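Below: one structure, written as C-alpha cells.
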Amino acid sequence: MSLGSVRSTMTEGPRFRFAPSPTGSFHVGGARTALHNWALARRLGGTFVLRIEDTDEARNRLEWTEGIIDALAWIGVSADDDHFEGPHFQSEYAAAHITAASRLFESGAAYYCDLTGQEVQDRAKKLGITGYDGYSRDRGVEPGSGRVLRFRVPEGTTVVHDAVRGDVLFDNSTIEDFVLLRGNNTPMFLLANVVDDIEMRITDVVRAEEHLPNTPKQQMLWEALGAEPPRWAHVPVLVNEQRKKLSKRRDKVAVESYRDDGILADAMVNYLMTLGWTPPGAEEAGSEIFPWNELEAAFRLEDVTLSPAFFDVKKLVAFNKQYIKNLPLADFLAAVDADLPDDWDRQRFAAIAPHITERLERLGDAPALVEFLFLPDGADPDVDDAAWTKAAKPDWAGPFLVEIAEAYASFGPDEWRSDKLKATMEAVMLSYEIKLGKAQALPRVAVTGRSVGPPLFEALEVLGQNETLRRLRNAVTRMASKSEAD
RNA sequence: GCCCCCAUCGUCUAGUGGCCUAGGACACCACCCUUUCAAGGUGGCGGCACGGGUUCGAAUCCCGUUGGGGGUGCCA
C-alpha cells in the first residue's frame, strides 16, 4: 500500500468519489457505498476517486488513512487498480475553499453576518422560527474575525435529479442561509465538499440517503460557483433491528470486526451488494451468491430499492458459510491459518480440513471443532458429561466399546485408514443389531469428548492408532468403574 | 415543530395495470438422505399497512390516513 498520491490513468469517463472522514474504523455502510461507486466506475470505464475528509483531524491522518485503504483493499477496492485515484486529502484543498468563498462573497452569492450563535438563536425564538432569519442579508457586513459567511439562498425551487429516486423538489424558502465559513474563517463541510468535488471534476455523486437533505444546498453552491452539478444518487441507509440508522455507538458496524470474526471478504461484499438490490438472475439461479465480476457487470442505480435495509448478520453468516464451503482447500488453509494456535501441526490440520469446511459459519469456529486432534500426547479431551451419559446408557454400549477397542488394536500400521475403521465397526455392530449412527456415538465421545464433530473415522485416521486406542481404553475403564459404582 | 424520503412474507427482495391463486433468498418447521453435526434433496409456514378514487381490470397509477426513517449545527 502506498500513501503517495496515486494518479489514475483513466482520462475519460465518469468520475465517482468516495469521501470518508478518517475517524478510525470503517463502517459497513461506507463499505457498501464504496462498492457501489467502485462497481459503477469500473463498469462505465470511469474513475473511483478516494478523498479523505480530514478537515480538522489531521494529526492521525496517516494511520487512519492506511486503515481506510486497507479496508477498501479487503473488499476488493484496490488502490493498484487503474480505476482508482487517490487518496486526496481535503485538508490540502483549504486554499481552494477560501478562494471559492471569496468569489461567492464578491459575486453577492454570499454575505457576512456578525451575529453570534446565541444571538441567532435568540432572534429565532423571538420570531417563532427555527434557524437563521437572514438578518444580515442586506446589511453590507464586511469580512472580519468572528463573522460567518452565509450563502444567500435564492428564491424558487431546487430540483435534484436523483438516479435512484427520480426528481426531488425543495422549496428554497424552507432552506435557511447556511454557513459557508466559520467565524475563524475555516470552511464548513458543505463548502469544502462541493469545492473539492468541483476541483476533482466529479461527475457522479453516489452516497447514502442521509445526505439527500443537503443536496439542494450543494447543488446551489455548484451553480453559484459556475459549475454544472453532478448526477446525484442516494441509496437507502442501512438500519439495525430497531430500524434506526446503523451507528457506531449502538451497533457493530466496523468492517474490521467482521473480518476478525472470520467473515470472508467475498461473503461480505456479496451480502452488502444484495442490500437494496438483487442481482438479475438470482431467482432463476435459486441463489443470491454471485462472484464480484457479475455483480459489477449488473449493478445499476436505477434498480436500487428505495427503503432502508436491515443489516442482517444471520444472512451475512449464511453467505459466509457458502463461501467457506466453496473455498478451494489451499485458500481455506491460508484464510484460517491466523485462527489456529501457533503450535498446531499444520499438516495434521490440512488432513482434517476437507471434513470441516462445510461445518463452519465463521473461520474462527474451526479450532473448537478439531481441538481433540491437537492435544499433547497422553492428554485427554474434556468430556461433555451429558454427551457421555447419553452415549453410555444402552446396555450394549460397554461391551461394544470393549470389542471395538480390541478390534482396532489388531490393526497393522498400514491398515489404519478410515474405510477400514468404518468397515470394522460395521462388522462388530452386526451382532449387536444396531446401526452405525448409534454405534459410533460412544466411541466418538470417548475420543473427541463431544457428541458432534467431523466424521468419526476420518478423524480417527488423522488421530492415529496409538492415541485412539489410549482414549478408547480410557473410556472402557471409565465404563467399568461406573458399573461397579452402580 | 419544519423539510425530505419510504411502505410486498420475520428479514433482504422480484414485481413498472391483465402473465400474481404475488416469485426467490435468509431464517424457521417437517420429511428424506446420512457416520454425529453439517451439507444436500423435498415439502411447509408466511406478505401487497389502511381508506378512498381512476380503470373492464390495481401490489402496480392518483389522493388521504397511519406507520417507519433521514435531515434540520459556526459537525462531517
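Ordered as shown in the C-alpha cells, chains take letters A, B, and onward, while each chain numbers its residues from 1 and ligands are numbered from 1 in the order shown.
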
Backbone-only DSSP, alpha helix (DSSP H) members of segment 160-249 of chain A, as an NGL selection string: :A and (189-199 or 215-224)

For the selection just defined, write its residues with N, CA, C and O atoms to a file, as a CSV table (one decimal), in the first residue's frame.
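Full text of again_33.csv as output:
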chain,number,residue,atom,x,y,z
A,189,PHE,N,-18.3,22.0,6.1
A,189,PHE,CA,-18.3,20.7,5.3
A,189,PHE,C,-19.0,20.9,3.9
A,189,PHE,O,-18.4,20.5,2.9
A,190,LEU,N,-20.1,21.6,3.9
A,190,LEU,CA,-20.8,21.8,2.6
A,190,LEU,C,-20.0,22.4,1.5
A,190,LEU,O,-19.9,22.0,0.4
A,191,LEU,N,-19.3,23.5,2.0
A,191,LEU,CA,-18.5,24.3,1.0
A,191,LEU,C,-17.3,23.4,0.6
A,191,LEU,O,-17.0,23.3,-0.6
A,192,ALA,N,-16.6,22.9,1.6
A,192,ALA,CA,-15.4,22.1,1.3
A,192,ALA,C,-15.7,21.0,0.4
A,192,ALA,O,-15.0,20.7,-0.6
A,193,ASN,N,-16.8,20.3,0.7
A,193,ASN,CA,-17.2,19.1,-0.1
A,193,ASN,C,-17.5,19.5,-1.6
A,193,ASN,O,-17.0,18.8,-2.5
A,194,VAL,N,-18.2,20.6,-1.8
A,194,VAL,CA,-18.6,21.0,-3.1
A,194,VAL,C,-17.3,21.5,-3.9
A,194,VAL,O,-17.1,21.1,-5.0
A,195,VAL,N,-16.5,22.3,-3.2
A,195,VAL,CA,-15.3,22.8,-3.9
A,195,VAL,C,-14.4,21.6,-4.3
A,195,VAL,O,-13.9,21.6,-5.4
A,196,ASP,N,-14.2,20.7,-3.4
A,196,ASP,CA,-13.4,19.5,-3.7
A,196,ASP,C,-14.0,18.7,-4.9
A,196,ASP,O,-13.2,18.3,-5.8
A,197,ASP,N,-15.3,18.5,-4.9
A,197,ASP,CA,-15.9,17.8,-6.0
A,197,ASP,C,-15.7,18.5,-7.3
A,197,ASP,O,-15.4,17.9,-8.3
A,198,ILE,N,-15.8,19.9,-7.3
A,198,ILE,CA,-15.5,20.6,-8.5
A,198,ILE,C,-14.1,20.5,-8.9
A,198,ILE,O,-13.7,20.2,-10.1
A,199,GLU,N,-13.2,20.7,-7.9
A,199,GLU,CA,-11.7,20.6,-8.2
A,199,GLU,C,-11.4,19.3,-8.8
A,199,GLU,O,-10.5,19.2,-9.7
A,215,THR,N,-28.4,18.0,-0.3
A,215,THR,CA,-28.2,18.1,-1.7
A,215,THR,C,-28.6,19.4,-2.4
A,215,THR,O,-27.9,19.9,-3.2
A,216,PRO,N,-29.8,19.9,-2.1
A,216,PRO,CA,-30.2,21.2,-2.7
A,216,PRO,C,-29.2,22.3,-2.4
A,216,PRO,O,-28.9,23.1,-3.2
A,217,LYS,N,-28.7,22.3,-1.2
A,217,LYS,CA,-27.7,23.3,-0.8
A,217,LYS,C,-26.4,23.1,-1.6
A,217,LYS,O,-25.9,24.1,-2.1
A,218,GLN,N,-26.0,21.9,-1.8
A,218,GLN,CA,-24.8,21.6,-2.5
A,218,GLN,C,-25.0,22.0,-4.0
A,218,GLN,O,-24.1,22.6,-4.6
A,219,GLN,N,-26.2,21.7,-4.5
A,219,GLN,CA,-26.5,22.0,-5.9
A,219,GLN,C,-26.4,23.5,-6.1
A,219,GLN,O,-25.9,23.9,-7.2
A,220,MET,N,-27.0,24.2,-5.2
A,220,MET,CA,-27.0,25.7,-5.3
A,220,MET,C,-25.6,26.2,-5.3
A,220,MET,O,-25.2,27.2,-6.0
A,221,LEU,N,-24.7,25.6,-4.5
A,221,LEU,CA,-23.3,26.0,-4.5
A,221,LEU,C,-22.6,25.7,-5.8
A,221,LEU,O,-21.9,26.5,-6.3
A,222,TRP,N,-22.9,24.5,-6.4
A,222,TRP,CA,-22.3,24.2,-7.7
A,222,TRP,C,-22.7,25.3,-8.7
A,222,TRP,O,-21.8,25.8,-9.4
A,223,GLU,N,-23.9,25.6,-8.7
A,223,GLU,CA,-24.4,26.6,-9.6
A,223,GLU,C,-23.8,28.0,-9.4
A,223,GLU,O,-23.4,28.7,-10.3
A,224,ALA,N,-23.8,28.4,-8.1
A,224,ALA,CA,-23.3,29.7,-7.8
A,224,ALA,C,-21.8,29.8,-8.1
A,224,ALA,O,-21.3,30.9,-8.4

What are the residues of chain A that have an atom within 6 Å of an atom of chain B, counting only C-alpha atoms (C1' of nucleotides), as an mmCIF file with N, CA and C atoms, in the first residue's frame?
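Produced file selection-v2.cif, reproduced below:
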data_model
loop_
_atom_site.group_PDB
_atom_site.id
_atom_site.type_symbol
_atom_site.label_atom_id
_atom_site.label_comp_id
_atom_site.auth_asym_id
_atom_site.auth_seq_id
_atom_site.Cartn_x
_atom_site.Cartn_y
_atom_site.Cartn_z
ATOM 1 N N ARG A 182 -16.784 29.592 8.858
ATOM 2 C CA ARG A 182 -16.978 29.857 10.285
ATOM 3 C C ARG A 182 -16.373 31.217 10.643
ATOM 4 N N GLU A 210 -28.875 9.731 3.802
ATOM 5 C CA GLU A 210 -28.801 10.754 4.840
ATOM 6 C C GLU A 210 -28.306 12.089 4.280
ATOM 7 N N PRO A 213 -31.018 15.557 2.156
ATOM 8 C CA PRO A 213 -31.446 16.902 2.549
ATOM 9 C C PRO A 213 -30.377 17.978 2.322
ATOM 10 N N GLU A 283 -33.269 -15.178 -9.068
ATOM 11 C CA GLU A 283 -34.454 -16.020 -8.907
ATOM 12 C C GLU A 283 -34.315 -17.327 -9.680
ATOM 13 N N SER A 307 -36.247 1.825 0.105
ATOM 14 C CA SER A 307 -36.422 1.853 1.557
ATOM 15 C C SER A 307 -35.210 1.302 2.301
ATOM 16 N N LYS A 315 -27.974 -13.445 7.888
ATOM 17 C CA LYS A 315 -27.880 -13.715 6.459
ATOM 18 C C LYS A 315 -26.428 -13.575 5.983
ATOM 19 N N ARG A 359 -18.812 -27.262 7.740
ATOM 20 C CA ARG A 359 -19.397 -27.206 9.084
ATOM 21 C C ARG A 359 -19.113 -25.894 9.787
ATOM 22 N N GLY A 437 -25.176 -45.186 13.121
ATOM 23 C CA GLY A 437 -25.417 -43.917 13.808
ATOM 24 C C GLY A 437 -25.341 -44.057 15.315
ATOM 25 N N VAL A 452 -20.751 -34.171 18.845
ATOM 26 C CA VAL A 452 -20.753 -33.673 17.465
ATOM 27 C C VAL A 452 -19.330 -33.332 17.043
ATOM 28 N N GLY A 453 -19.117 -33.372 15.751
ATOM 29 C CA GLY A 453 -17.788 -33.068 15.252
ATOM 30 C C GLY A 453 -17.636 -33.555 13.841
#

Test item: residues at most 12 Å from Glu461 of chain A, only C-alpha atoms (C1' of nucleotides), excluding those fewer than 4 positions along its chain, as number ranges by chain: A: 348, 351-352, 373, 408, 411, 413-422, 447, 454-457, 465-469

Who sits within 9 Å of Thr65 of chain A, only C-alpha atoms (C1' of nucleotides), same chain under 6 positions skipped, as a list in words: Leu3, Pro22, Gly24, Ile52 and Pro87 of chain A

Contacts of Leu401 of chain A at 12 Å (only C-alpha atoms (C1' of nucleotides); same-chain gap of 4+ positions) as a ChimeraX atom specification: /A:391-392,394-397,405-408,425,428-429,432,438-447,469,471-480

Grab the residues selected above and save them as a compact mmCIF listing (two decimals), in the first residue's frame with C-alpha atoms.
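Saved as out-v8.txt:
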# COMPACT_ATOMS: atom_id res chain seq x y z
CA ALA A 391 -23.91 -42.44 24.76
CA ALA A 392 -23.01 -44.79 27.59
CA PRO A 394 -27.53 -48.52 26.41
CA ASP A 395 -26.73 -51.95 27.88
CA TRP A 396 -24.73 -52.90 24.87
CA ALA A 397 -22.57 -49.76 25.00
CA ALA A 405 -11.06 -51.27 21.20
CA GLU A 406 -9.87 -54.84 20.75
CA ALA A 407 -10.63 -54.87 17.05
CA TYR A 408 -8.82 -51.59 16.47
CA MET A 425 -17.10 -51.14 13.24
CA VAL A 428 -18.71 -55.63 15.06
CA MET A 429 -22.05 -53.89 15.34
CA TYR A 432 -25.46 -56.01 18.47
CA LYS A 438 -25.83 -45.41 17.26
CA ALA A 439 -22.67 -47.45 17.20
CA GLN A 440 -20.36 -44.53 16.60
CA ALA A 441 -21.80 -42.44 19.41
CA LEU A 442 -19.82 -43.78 22.40
CA PRO A 443 -16.51 -44.11 20.55
CA ARG A 444 -16.99 -40.54 19.36
CA VAL A 445 -17.48 -39.17 22.84
CA ALA A 446 -14.62 -41.29 24.09
CA VAL A 447 -12.19 -39.96 21.53
CA LEU A 469 -6.54 -46.86 21.44
CA ARG A 471 -8.58 -42.94 24.62
CA LEU A 472 -10.81 -45.92 23.88
CA ARG A 473 -9.23 -47.94 26.68
CA ASN A 474 -9.58 -44.99 28.97
CA ALA A 475 -13.26 -44.98 28.19
CA VAL A 476 -13.50 -48.72 28.81
CA THR A 477 -12.06 -48.14 32.25
CA ARG A 478 -14.49 -45.36 32.91
CA MET A 479 -17.39 -47.60 31.92
CA ALA A 480 -16.16 -50.32 34.25

Could you pull the residues within 9 Å of Phe374 of chain A, counting only C-alpha atoms (C1' of nucleotides), minus those fewer than 4 positions along the same chain, as an mmCIF file with all heavy atoms, in the first residue's frame?
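Final file, result04.cif:
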data_model
loop_
_atom_site.group_PDB
_atom_site.id
_atom_site.type_symbol
_atom_site.label_atom_id
_atom_site.label_comp_id
_atom_site.auth_asym_id
_atom_site.auth_seq_id
_atom_site.Cartn_x
_atom_site.Cartn_y
_atom_site.Cartn_z
ATOM 1 N N ASP A 343 1.013 -23.600 17.815
ATOM 2 C CA ASP A 343 1.705 -24.886 17.965
ATOM 3 C C ASP A 343 0.965 -26.056 17.313
ATOM 4 O O ASP A 343 1.372 -27.195 17.461
ATOM 5 C CB ASP A 343 1.947 -25.168 19.458
ATOM 6 C CG ASP A 343 0.647 -25.210 20.242
ATOM 7 O OD1 ASP A 343 -0.397 -24.803 19.684
ATOM 8 O OD2 ASP A 343 0.671 -25.649 21.409
ATOM 9 N N TRP A 344 -0.104 -25.773 16.608
ATOM 10 C CA TRP A 344 -0.796 -26.879 15.936
ATOM 11 C C TRP A 344 -0.042 -27.301 14.687
ATOM 12 O O TRP A 344 0.425 -26.461 13.915
ATOM 13 C CB TRP A 344 -2.211 -26.465 15.541
ATOM 14 C CG TRP A 344 -3.178 -26.497 16.680
ATOM 15 C CD1 TRP A 344 -2.859 -26.486 18.012
ATOM 16 C CD2 TRP A 344 -4.602 -26.537 16.588
ATOM 17 N NE1 TRP A 344 -4.010 -26.513 18.762
ATOM 18 C CE2 TRP A 344 -5.103 -26.544 17.915
ATOM 19 C CE3 TRP A 344 -5.506 -26.563 15.532
ATOM 20 C CZ2 TRP A 344 -6.458 -26.583 18.206
ATOM 21 C CZ3 TRP A 344 -6.860 -26.597 15.813
ATOM 22 C CH2 TRP A 344 -7.336 -26.613 17.146
ATOM 23 N N ASP A 345 0.018 -28.590 14.498
ATOM 24 C CA ASP A 345 0.671 -29.175 13.334
ATOM 25 C C ASP A 345 -0.172 -28.876 12.089
ATOM 26 O O ASP A 345 -1.277 -29.374 11.957
ATOM 27 C CB ASP A 345 0.802 -30.694 13.562
ATOM 28 C CG ASP A 345 1.456 -31.392 12.374
ATOM 29 O OD1 ASP A 345 1.443 -30.824 11.258
ATOM 30 O OD2 ASP A 345 1.960 -32.506 12.573
ATOM 31 N N ARG A 348 -1.265 -31.881 9.947
ATOM 32 C CA ARG A 348 -2.354 -32.637 10.560
ATOM 33 C C ARG A 348 -3.672 -31.896 10.330
ATOM 34 O O ARG A 348 -4.690 -32.494 10.011
ATOM 35 C CB ARG A 348 -2.070 -32.799 12.050
ATOM 36 C CG ARG A 348 -3.220 -33.416 12.802
ATOM 37 C CD ARG A 348 -2.823 -33.818 14.202
ATOM 38 N NE ARG A 348 -2.256 -35.165 14.190
ATOM 39 C CZ ARG A 348 -2.421 -36.059 15.175
ATOM 40 N NH1 ARG A 348 -3.074 -35.732 16.267
ATOM 41 N NH2 ARG A 348 -1.901 -37.262 15.096
ATOM 42 N N PHE A 349 -3.620 -30.574 10.486
ATOM 43 C CA PHE A 349 -4.845 -29.794 10.274
ATOM 44 C C PHE A 349 -5.314 -29.921 8.823
ATOM 45 O O PHE A 349 -6.499 -30.079 8.542
ATOM 46 C CB PHE A 349 -4.628 -28.314 10.617
ATOM 47 C CG PHE A 349 -5.875 -27.495 10.454
ATOM 48 C CD1 PHE A 349 -6.865 -27.516 11.442
ATOM 49 C CD2 PHE A 349 -6.102 -26.753 9.299
ATOM 50 C CE1 PHE A 349 -8.037 -26.791 11.285
ATOM 51 C CE2 PHE A 349 -7.276 -26.027 9.135
ATOM 52 C CZ PHE A 349 -8.244 -26.045 10.128
ATOM 53 N N VAL A 370 -11.926 -29.213 16.002
ATOM 54 C CA VAL A 370 -10.913 -30.261 15.836
ATOM 55 C C VAL A 370 -9.857 -30.252 16.933
ATOM 56 O O VAL A 370 -8.827 -30.932 16.824
ATOM 57 C CB VAL A 370 -10.205 -30.132 14.467
ATOM 58 C CG1 VAL A 370 -11.185 -30.419 13.340
ATOM 59 C CG2 VAL A 370 -9.589 -28.746 14.303
ATOM 60 N N LEU A 463 -5.988 -38.961 13.843
ATOM 61 C CA LEU A 463 -5.523 -39.038 15.232
ATOM 62 C C LEU A 463 -4.429 -40.093 15.391
ATOM 63 O O LEU A 463 -3.492 -39.940 16.170
ATOM 64 C CB LEU A 463 -6.698 -39.415 16.135
ATOM 65 C CG LEU A 463 -6.913 -38.750 17.488
ATOM 66 C CD1 LEU A 463 -7.588 -39.703 18.462
ATOM 67 C CD2 LEU A 463 -5.654 -38.157 18.101
#
